[in-house]
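The next block holds one structure in the form of structure tokens; read it before the comments.
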Amino acid sequence: MTESGITTNVIDKGRGMADMLINMGPQHPATHGVFRMELALDSEMIVDVTPHIGYLHRGSEKLFENEIYSQIITLFDRLDYISNFNNELGLVMAVEKLMDLEVPDRAEYIRVILCELNRIASHLVFIGTFALDMGALTPSLYNFRDREKILALFEATSGARMMHNFFRVGGIKQDVIADFPARVTTLLGELEAGIDEADKMLSLGEVFVERTRGIGVIDGDVALDWGLSGATLRASGVPYDVRIEEPYSVYDRFDFGVPVGSAGDCWDRYYLRVLEARESIKIIRQALQQMEPGPVQAKVRAIARPPKGEVYVHAENPRGDFGVYLVSEGAESPYRLKVRPPSFCNLMALRDLLIGHYIADSVVILGSLDIVLGEVDR
Amino acid sequence: MINSIKALRVSLGSMMRKKVTAEYPKEHLPIQDRYMGFPALLFDAARDEPFCTGCMVCVRYCPTQCMSAEMTDNEKFAEGDSHRKKIINTFEINLGRCILCGICVDVCNFDAIEMSHEHELGDRMRDGNRVDLPTLLKMGTKYQSETGWKQSKPNLPSPKERAVIAEAKAAKEAAEAAANPPLEAEPEATAT
């Protein structure tokens, strides 16, 4: 009997006795951050798992309540620290909706381009680290090389590789550099080649498929019950994408597909992200064509003061459905700001996914959920 | 066998590729123009004093409270050489706390602070990354000379300059008055 009462669970579930409790994390490289799970093992089979989170808890949601909105953007950068632009978009959209602000078209297009580039960067990290979890070192090096090109473009645009603080309530901080469209076009060509290369090397490799096919299967209905979202949900055959269902920003002006899986296993979850990265490239190409010169910032007071009221906004982040619930009392800082982090909700299904698998697969399954602990713990 | 040859071909192909990494301390990757490094205070060469007046707006809006500033009366204003009534006396930034968000630059009304291209930081002491006014100005002048930074709006005239301008204006008006003497008022029509 442990502190968490894990042994009782095992007996109750009738899955046999756990003969070993093993602690994985919090500093295990395969947990992609600081995440700990207590695995109850029957020889090499996982019979129960207790996840422990909170190692990266910074009290962001409480901090929001004492900061003005422009300062909160810097905190949103640090939630999901692999897709910073997408987080910023969630916050500014919530404030804009509450203030009933019209954002200039050019700003919306630049936002979409940056967010989609960030989605590609995030998926590149996922593909690389997912392969790394299974011992394949090369894809991670190749993908990080390509991601670095995206980050260099971000640096040229916003001044920072990761913590951009670039989106503003009612627009963006400043217009993009003059050669931005040309640089993005070149970059997209390189990215396509890079994604194809990693895809060719990894996706259908015999060892890789053996390790991922039929591992960590979750049904569409169960996935919906757990509240999964993003590629993790679509891999189970549920075609749900916020960009399609409730188009925000200017996503309704683009023609793009949403890849949907069928098996709901680790391979599907992996491959959907490869396909999604390619769809993002399509979106960026269209956005570059449709973008026109113009202002990038609506007329807003220096310190945004949304009127009294509450609003819920959600957007499709690389990891899933990112929601922001904002309650304002009409002051310069929110009364309450709640974040629905997709990684946290996706992590809920971990216990269902892990039980019955071998311990070596736990790394693969956790990796396939693509969690970012900055967002899980907040 | 065929697979091993294929694999060998891939390996040989990628061996010939150009290196993308840089050995850090020896070579530095280029920094983008908009790169936001640590904040630095800019120096007004025309007035030979910092742009900063110590208005504290950056201190108030800093999300991490990493700065502190103190203003004082500007002696140059009293002498008539500067338009700034108040000037910065002490300014301290704890660079170890700074998150490079650039909010201080956004809120500054005087072109006084800018995100420099400095980004290397290391010290053995806990307080070693606290930088004072002279260091910040040194960082700022370096940034100004490296990037050709330009003031967004020209300086207001100083008291001395204002006196000169007023004098010139008065002289000009006097000259104009001398050149075109005012026409004598027409005699008013008298009622008949």
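Each chain of the structure tokens is named A, B, ... in the order shown, its residues numbered from 1; ligands are numbered from 1 in display order.
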key: Every residue of segment 24-143 of chain B that DSSP places in helix (DSSP H, G or I), as a ChimeraX atom specification   = /B:57-61,75-79,103-107,133-143
message = Set the cut-off to 10 Å and count only C-alpha atoms: what are the residues of chain A that reach chain B? Output as a PyMOL selection string.
response = chain A and resi 67-68+70-75+145+148+152-161+163-166+173+177+201+302
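Residues in contact with segment 89-98 of chain A at up to 7 Å, not including ones fewer than 5 positions away on its chain and judged by only C-alpha atoms, are Phe167, Arg168, Val169, Gly170, Pro306, Pro307, Val311, Tyr312, Val313, His314, Ala315, Val324 and Leu326 of chain A.
Atom pair atom CA of Phe85 of chain A / atom CA of Tyr24 of chain B: separated by 27.6 Å.
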message = With DSSP run on the backbone, what are the strand (DSSP E) residues within segment 43-145 of chain A? I'd like them as a list in words.
response = Met45, Ile46, Val47, Asp48, Val49, Thr50, Pro51 and His52 of chain A
Restricting it to N, CA, C and O atoms, dump the selection as a CSV table (one decimal), in the first residue's frame.
chain,number,residue,atom,x,y,z
A,45,MET,N,4.5,-5.8,-17.5
A,45,MET,CA,3.2,-5.3,-17.9
A,45,MET,C,2.7,-4.2,-16.9
A,45,MET,O,2.8,-4.3,-15.7
A,46,ILE,N,2.3,-3.1,-17.5
A,46,ILE,CA,1.7,-2.0,-16.6
A,46,ILE,C,0.3,-2.4,-16.2
A,46,ILE,O,-0.5,-2.6,-17.1
A,47,VAL,N,0.1,-2.4,-14.9
A,47,VAL,CA,-1.3,-2.7,-14.4
A,47,VAL,C,-2.0,-1.5,-13.9
A,47,VAL,O,-3.2,-1.4,-13.8
A,48,ASP,N,-1.2,-0.5,-13.5
A,48,ASP,CA,-1.8,0.7,-13.0
A,48,ASP,C,-0.8,1.9,-13.1
A,48,ASP,O,0.4,1.6,-13.1
A,49,VAL,N,-1.3,3.1,-13.2
A,49,VAL,CA,-0.4,4.2,-13.3
A,49,VAL,C,-1.1,5.4,-12.5
A,49,VAL,O,-2.3,5.6,-12.6
A,50,THR,N,-0.3,6.1,-11.8
A,50,THR,CA,-0.7,7.3,-11.1
A,50,THR,C,0.2,8.5,-11.6
A,50,THR,O,1.4,8.5,-11.3
A,51,PRO,N,-0.4,9.4,-12.4
A,51,PRO,CA,0.5,10.5,-12.8
A,51,PRO,C,0.5,11.6,-11.7
A,51,PRO,O,-0.4,11.8,-11.0
A,52,HIS,N,1.7,12.2,-11.7
A,52,HIS,CA,1.9,13.3,-10.7
A,52,HIS,C,2.3,14.5,-11.5
A,52,HIS,O,3.3,14.5,-12.2
task = Just the residues within 9 Å of Gly140 of chain B, please, counting only C-alpha atoms, with nothing from its chain fewer than 5 positions along; format it as a PyMOL selection string.
result = chain B and resi 39-43+113-116+135+145
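The spacing separating atom CA of Leu275 of chain A from atom CA of Leu202 of chain A amounts to 13.7 Å.
The closest residue to Ala304 of chain A, picked from A:Ile53, A:Leu373, A:Ala331, A:Ala349 and counting only C-alpha atoms, is A:Ala331.
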Long-range neighbours of Glu49 of chain B as a PDB file with N, CA and C atoms, in the first residue's frame, 12 Å cut-off, only C-alpha atoms, 3 positions minimum in chain:
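The result, stored in part17.pdb:
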ATOM      1  N   LEU B  41      19.900  52.058 -21.962  1.00  0.00           N
ATOM      2  CA  LEU B  41      19.477  53.455 -21.997  1.00  0.00           C
ATOM      3  C   LEU B  41      20.249  54.181 -23.092  1.00  0.00           C
ATOM      4  N   LEU B  42      19.545  54.988 -23.839  1.00  0.00           N
ATOM      5  CA  LEU B  42      20.182  55.666 -24.968  1.00  0.00           C
ATOM      6  C   LEU B  42      20.716  57.027 -24.537  1.00  0.00           C
ATOM      7  N   PHE B  43      21.697  57.492 -25.289  1.00  0.00           N
ATOM      8  CA  PHE B  43      22.403  58.711 -24.934  1.00  0.00           C
ATOM      9  C   PHE B  43      22.149  59.766 -25.994  1.00  0.00           C
ATOM     10  N   ASP B  44      21.724  60.951 -25.548  1.00  0.00           N
ATOM     11  CA  ASP B  44      21.449  62.049 -26.469  1.00  0.00           C
ATOM     12  C   ASP B  44      22.747  62.831 -26.682  1.00  0.00           C
ATOM     13  N   ALA B  45      23.419  62.555 -27.790  1.00  0.00           N
ATOM     14  CA  ALA B  45      24.726  63.169 -28.033  1.00  0.00           C
ATOM     15  C   ALA B  45      24.597  64.675 -28.214  1.00  0.00           C
ATOM     16  N   ALA B  46      23.469  65.138 -28.777  1.00  0.00           N
ATOM     17  CA  ALA B  46      23.296  66.569 -29.023  1.00  0.00           C
ATOM     18  C   ALA B  46      23.262  67.360 -27.718  1.00  0.00           C
ATOM     19  N   CYS B  52      16.710  59.715 -20.913  1.00  0.00           N
ATOM     20  CA  CYS B  52      15.787  59.331 -19.847  1.00  0.00           C
ATOM     21  C   CYS B  52      15.586  60.466 -18.857  1.00  0.00           C
ATOM     22  N   THR B  53      14.303  60.713 -18.535  1.00  0.00           N
ATOM     23  CA  THR B  53      14.002  61.749 -17.555  1.00  0.00           C
ATOM     24  C   THR B  53      13.602  61.149 -16.211  1.00  0.00           C
ATOM     25  N   ASN B  74      17.462  68.707 -13.395  1.00  0.00           N
ATOM     26  CA  ASN B  74      18.530  68.763 -14.384  1.00  0.00           C
ATOM     27  C   ASN B  74      19.270  70.097 -14.260  1.00  0.00           C
ATOM     28  N   GLU B  75      20.562  70.017 -13.930  1.00  0.00           N
ATOM     29  CA  GLU B  75      21.357  71.249 -13.798  1.00  0.00           C
ATOM     30  C   GLU B  75      21.458  71.957 -15.139  1.00  0.00           C
ATOM     31  N   LYS B  76      21.532  71.176 -16.210  1.00  0.00           N
ATOM     32  CA  LYS B  76      21.677  71.778 -17.538  1.00  0.00           C
ATOM     33  C   LYS B  76      20.449  72.602 -17.913  1.00  0.00           C
ATOM     34  N   PHE B  77      19.293  72.192 -17.365  1.00  0.00           N
ATOM     35  CA  PHE B  77      18.083  72.977 -17.635  1.00  0.00           C
ATOM     36  C   PHE B  77      18.190  74.341 -16.937  1.00  0.00           C
ATOM     37  N   ASP B  81      20.895  74.855 -20.965  1.00  0.00           N
ATOM     38  CA  ASP B  81      21.467  74.079 -22.062  1.00  0.00           C
ATOM     39  C   ASP B  81      20.582  72.931 -22.515  1.00  0.00           C
ATOM     40  N   SER B  82      19.594  72.563 -21.717  1.00  0.00           N
ATOM     41  CA  SER B  82      18.787  71.388 -22.065  1.00  0.00           C
ATOM     42  C   SER B  82      17.314  71.687 -21.870  1.00  0.00           C
ATOM     43  N   HIS B  83      16.489  70.961 -22.612  1.00  0.00           N
ATOM     44  CA  HIS B  83      15.054  71.155 -22.470  1.00  0.00           C
ATOM     45  C   HIS B  83      14.468  70.241 -21.407  1.00  0.00           C
ATOM     46  N   ARG B  84      15.273  69.347 -20.845  1.00  0.00           N
ATOM     47  CA  ARG B  84      14.753  68.408 -19.856  1.00  0.00           C
ATOM     48  C   ARG B  84      14.838  69.026 -18.462  1.00  0.00           C
ATOM     49  N   LYS B  86      13.825  67.513 -15.738  1.00  0.00           N
ATOM     50  CA  LYS B  86      14.269  66.450 -14.838  1.00  0.00           C
ATOM     51  C   LYS B  86      15.150  65.501 -15.627  1.00  0.00           C
ATOM     52  N   ILE B  87      16.052  64.860 -14.919  1.00  0.00           N
ATOM     53  CA  ILE B  87      16.946  63.925 -15.596  1.00  0.00           C
ATOM     54  C   ILE B  87      17.138  62.708 -14.697  1.00  0.00           C
ATOM     55  N   ILE B  88      17.521  61.608 -15.327  1.00  0.00           N
ATOM     56  CA  ILE B  88      17.708  60.389 -14.552  1.00  0.00           C
ATOM     57  C   ILE B  88      18.945  60.517 -13.664  1.00  0.00           C
ATOM     58  N   ASN B  89      18.801  60.075 -12.437  1.00  0.00           N
ATOM     59  CA  ASN B  89      19.930  60.143 -11.512  1.00  0.00           C
ATOM     60  C   ASN B  89      20.547  58.764 -11.333  1.00  0.00           C
ATOM     61  N   ALA B 112      13.937  56.807 -24.671  1.00  0.00           N
ATOM     62  CA  ALA B 112      15.057  56.701 -23.742  1.00  0.00           C
ATOM     63  C   ALA B 112      15.583  55.286 -23.598  1.00  0.00           C
ATOM     64  N   LEU B 133      23.485  52.844 -14.073  1.00  0.00           N
ATOM     65  CA  LEU B 133      23.277  53.816 -15.152  1.00  0.00           C
ATOM     66  C   LEU B 133      24.445  53.899 -16.137  1.00  0.00           C
ATOM     67  N   PRO B 134      25.713  54.057 -15.676  1.00  0.00           N
ATOM     68  CA  PRO B 134      26.810  54.153 -16.657  1.00  0.00           C
ATOM     69  C   PRO B 134      26.892  52.941 -17.575  1.00  0.00           C
ATOM     70  N   LEU B 137      24.092  53.030 -20.114  1.00  0.00           N
ATOM     71  CA  LEU B 137      24.340  54.031 -21.151  1.00  0.00           C
ATOM     72  C   LEU B 137      25.417  53.545 -22.112  1.00  0.00           C
ATOM     73  N   THR B 141      24.868  53.362 -26.014  1.00  0.00           N
ATOM     74  CA  THR B 141      25.668  54.051 -27.041  1.00  0.00           C
ATOM     75  C   THR B 141      26.228  53.044 -28.036  1.00  0.00           C
TER      76      THR B 141
END
For Asn143 of chain A: contacts at 8 Å, only C-alpha atoms, fewer than 6 positions along chain excluded, given as a JSON list (two decimals) with all heavy atoms, in the first residue's frame:
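What follows is the written file around14.json:
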[["chain", "number", "residue", "atom", "x", "y", "z"],
["A", 124, "LEU", "N", 7.28, 19.71, -35.80],
["A", 124, "LEU", "CA", 8.64, 19.24, -36.05],
["A", 124, "LEU", "C", 9.29, 18.75, -34.76],
["A", 124, "LEU", "O", 9.94, 17.71, -34.73],
["A", 124, "LEU", "CB", 9.49, 20.34, -36.68],
["A", 124, "LEU", "CG", 9.21, 20.67, -38.14],
["A", 124, "LEU", "CD1", 10.05, 21.84, -38.59],
["A", 124, "LEU", "CD2", 9.48, 19.48, -39.03],
["A", 125, "VAL", "N", 9.07, 19.52, -33.69],
["A", 125, "VAL", "CA", 9.61, 19.09, -32.40],
["A", 125, "VAL", "C", 8.98, 17.78, -31.99],
["A", 125, "VAL", "O", 9.64, 16.86, -31.52],
["A", 125, "VAL", "CB", 9.36, 20.16, -31.32],
["A", 125, "VAL", "CG1", 9.75, 19.64, -29.96],
["A", 125, "VAL", "CG2", 10.13, 21.41, -31.63],
["A", 127, "ILE", "N", 7.68, 15.38, -33.90],
["A", 127, "ILE", "CA", 8.16, 14.26, -34.70],
["A", 127, "ILE", "C", 9.57, 13.87, -34.27],
["A", 127, "ILE", "O", 9.89, 12.70, -34.08],
["A", 127, "ILE", "CB", 8.12, 14.62, -36.20],
["A", 127, "ILE", "CG1", 6.67, 14.83, -36.65],
["A", 127, "ILE", "CG2", 8.76, 13.53, -37.03],
["A", 127, "ILE", "CD1", 6.54, 15.57, -37.97],
["A", 128, "GLY", "N", 10.40, 14.90, -34.06],
["A", 128, "GLY", "CA", 11.77, 14.63, -33.65],
["A", 128, "GLY", "C", 11.85, 13.93, -32.32],
["A", 128, "GLY", "O", 12.52, 12.89, -32.19],
["A", 194, "GLY", "N", 12.22, 19.29, -45.86],
["A", 194, "GLY", "CA", 12.60, 18.72, -44.58],
["A", 194, "GLY", "C", 11.58, 17.74, -44.05],
["A", 194, "GLY", "O", 11.93, 16.66, -43.55],
["A", 195, "ILE", "N", 10.30, 18.11, -44.16],
["A", 195, "ILE", "CA", 9.24, 17.22, -43.67],
["A", 195, "ILE", "C", 9.24, 15.93, -44.48],
["A", 195, "ILE", "O", 9.14, 14.83, -43.94],
["A", 195, "ILE", "CB", 7.86, 17.92, -43.75],
["A", 195, "ILE", "CG1", 7.80, 19.09, -42.78],
["A", 195, "ILE", "CG2", 6.74, 16.94, -43.41],
["A", 195, "ILE", "CD1", 6.62, 20.00, -42.95],
["A", 198, "ALA", "N", 12.18, 13.66, -43.36],
["A", 198, "ALA", "CA", 11.95, 12.96, -42.10],
["A", 198, "ALA", "C", 10.87, 11.90, -42.27],
["A", 198, "ALA", "O", 10.96, 10.80, -41.71],
["A", 198, "ALA", "CB", 11.56, 13.95, -41.02]]
request  = Find the residues around Pro295 of chain A up to 9 Å (only C-alpha atoms counted), leave out those fewer than 6 positions away in its own chain, and share them as a list in words.
outcome  = Pro104, Asp105, Arg106, Ala107, Gly171 and Asp175 of chain A
inquiry  = Would you compute the distance between atom CA of Arg36 of chain A and atom CA of His357 of chain A? Give it in Å to one decimal.
reply    = 17.7 Å
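Between Gly59 of chain A and the candidates A:Met99, A:Val339, A:Val327, A:Leu350, the tightest atom-to-atom separation, counting only C-alpha atoms, involves A:Val339.
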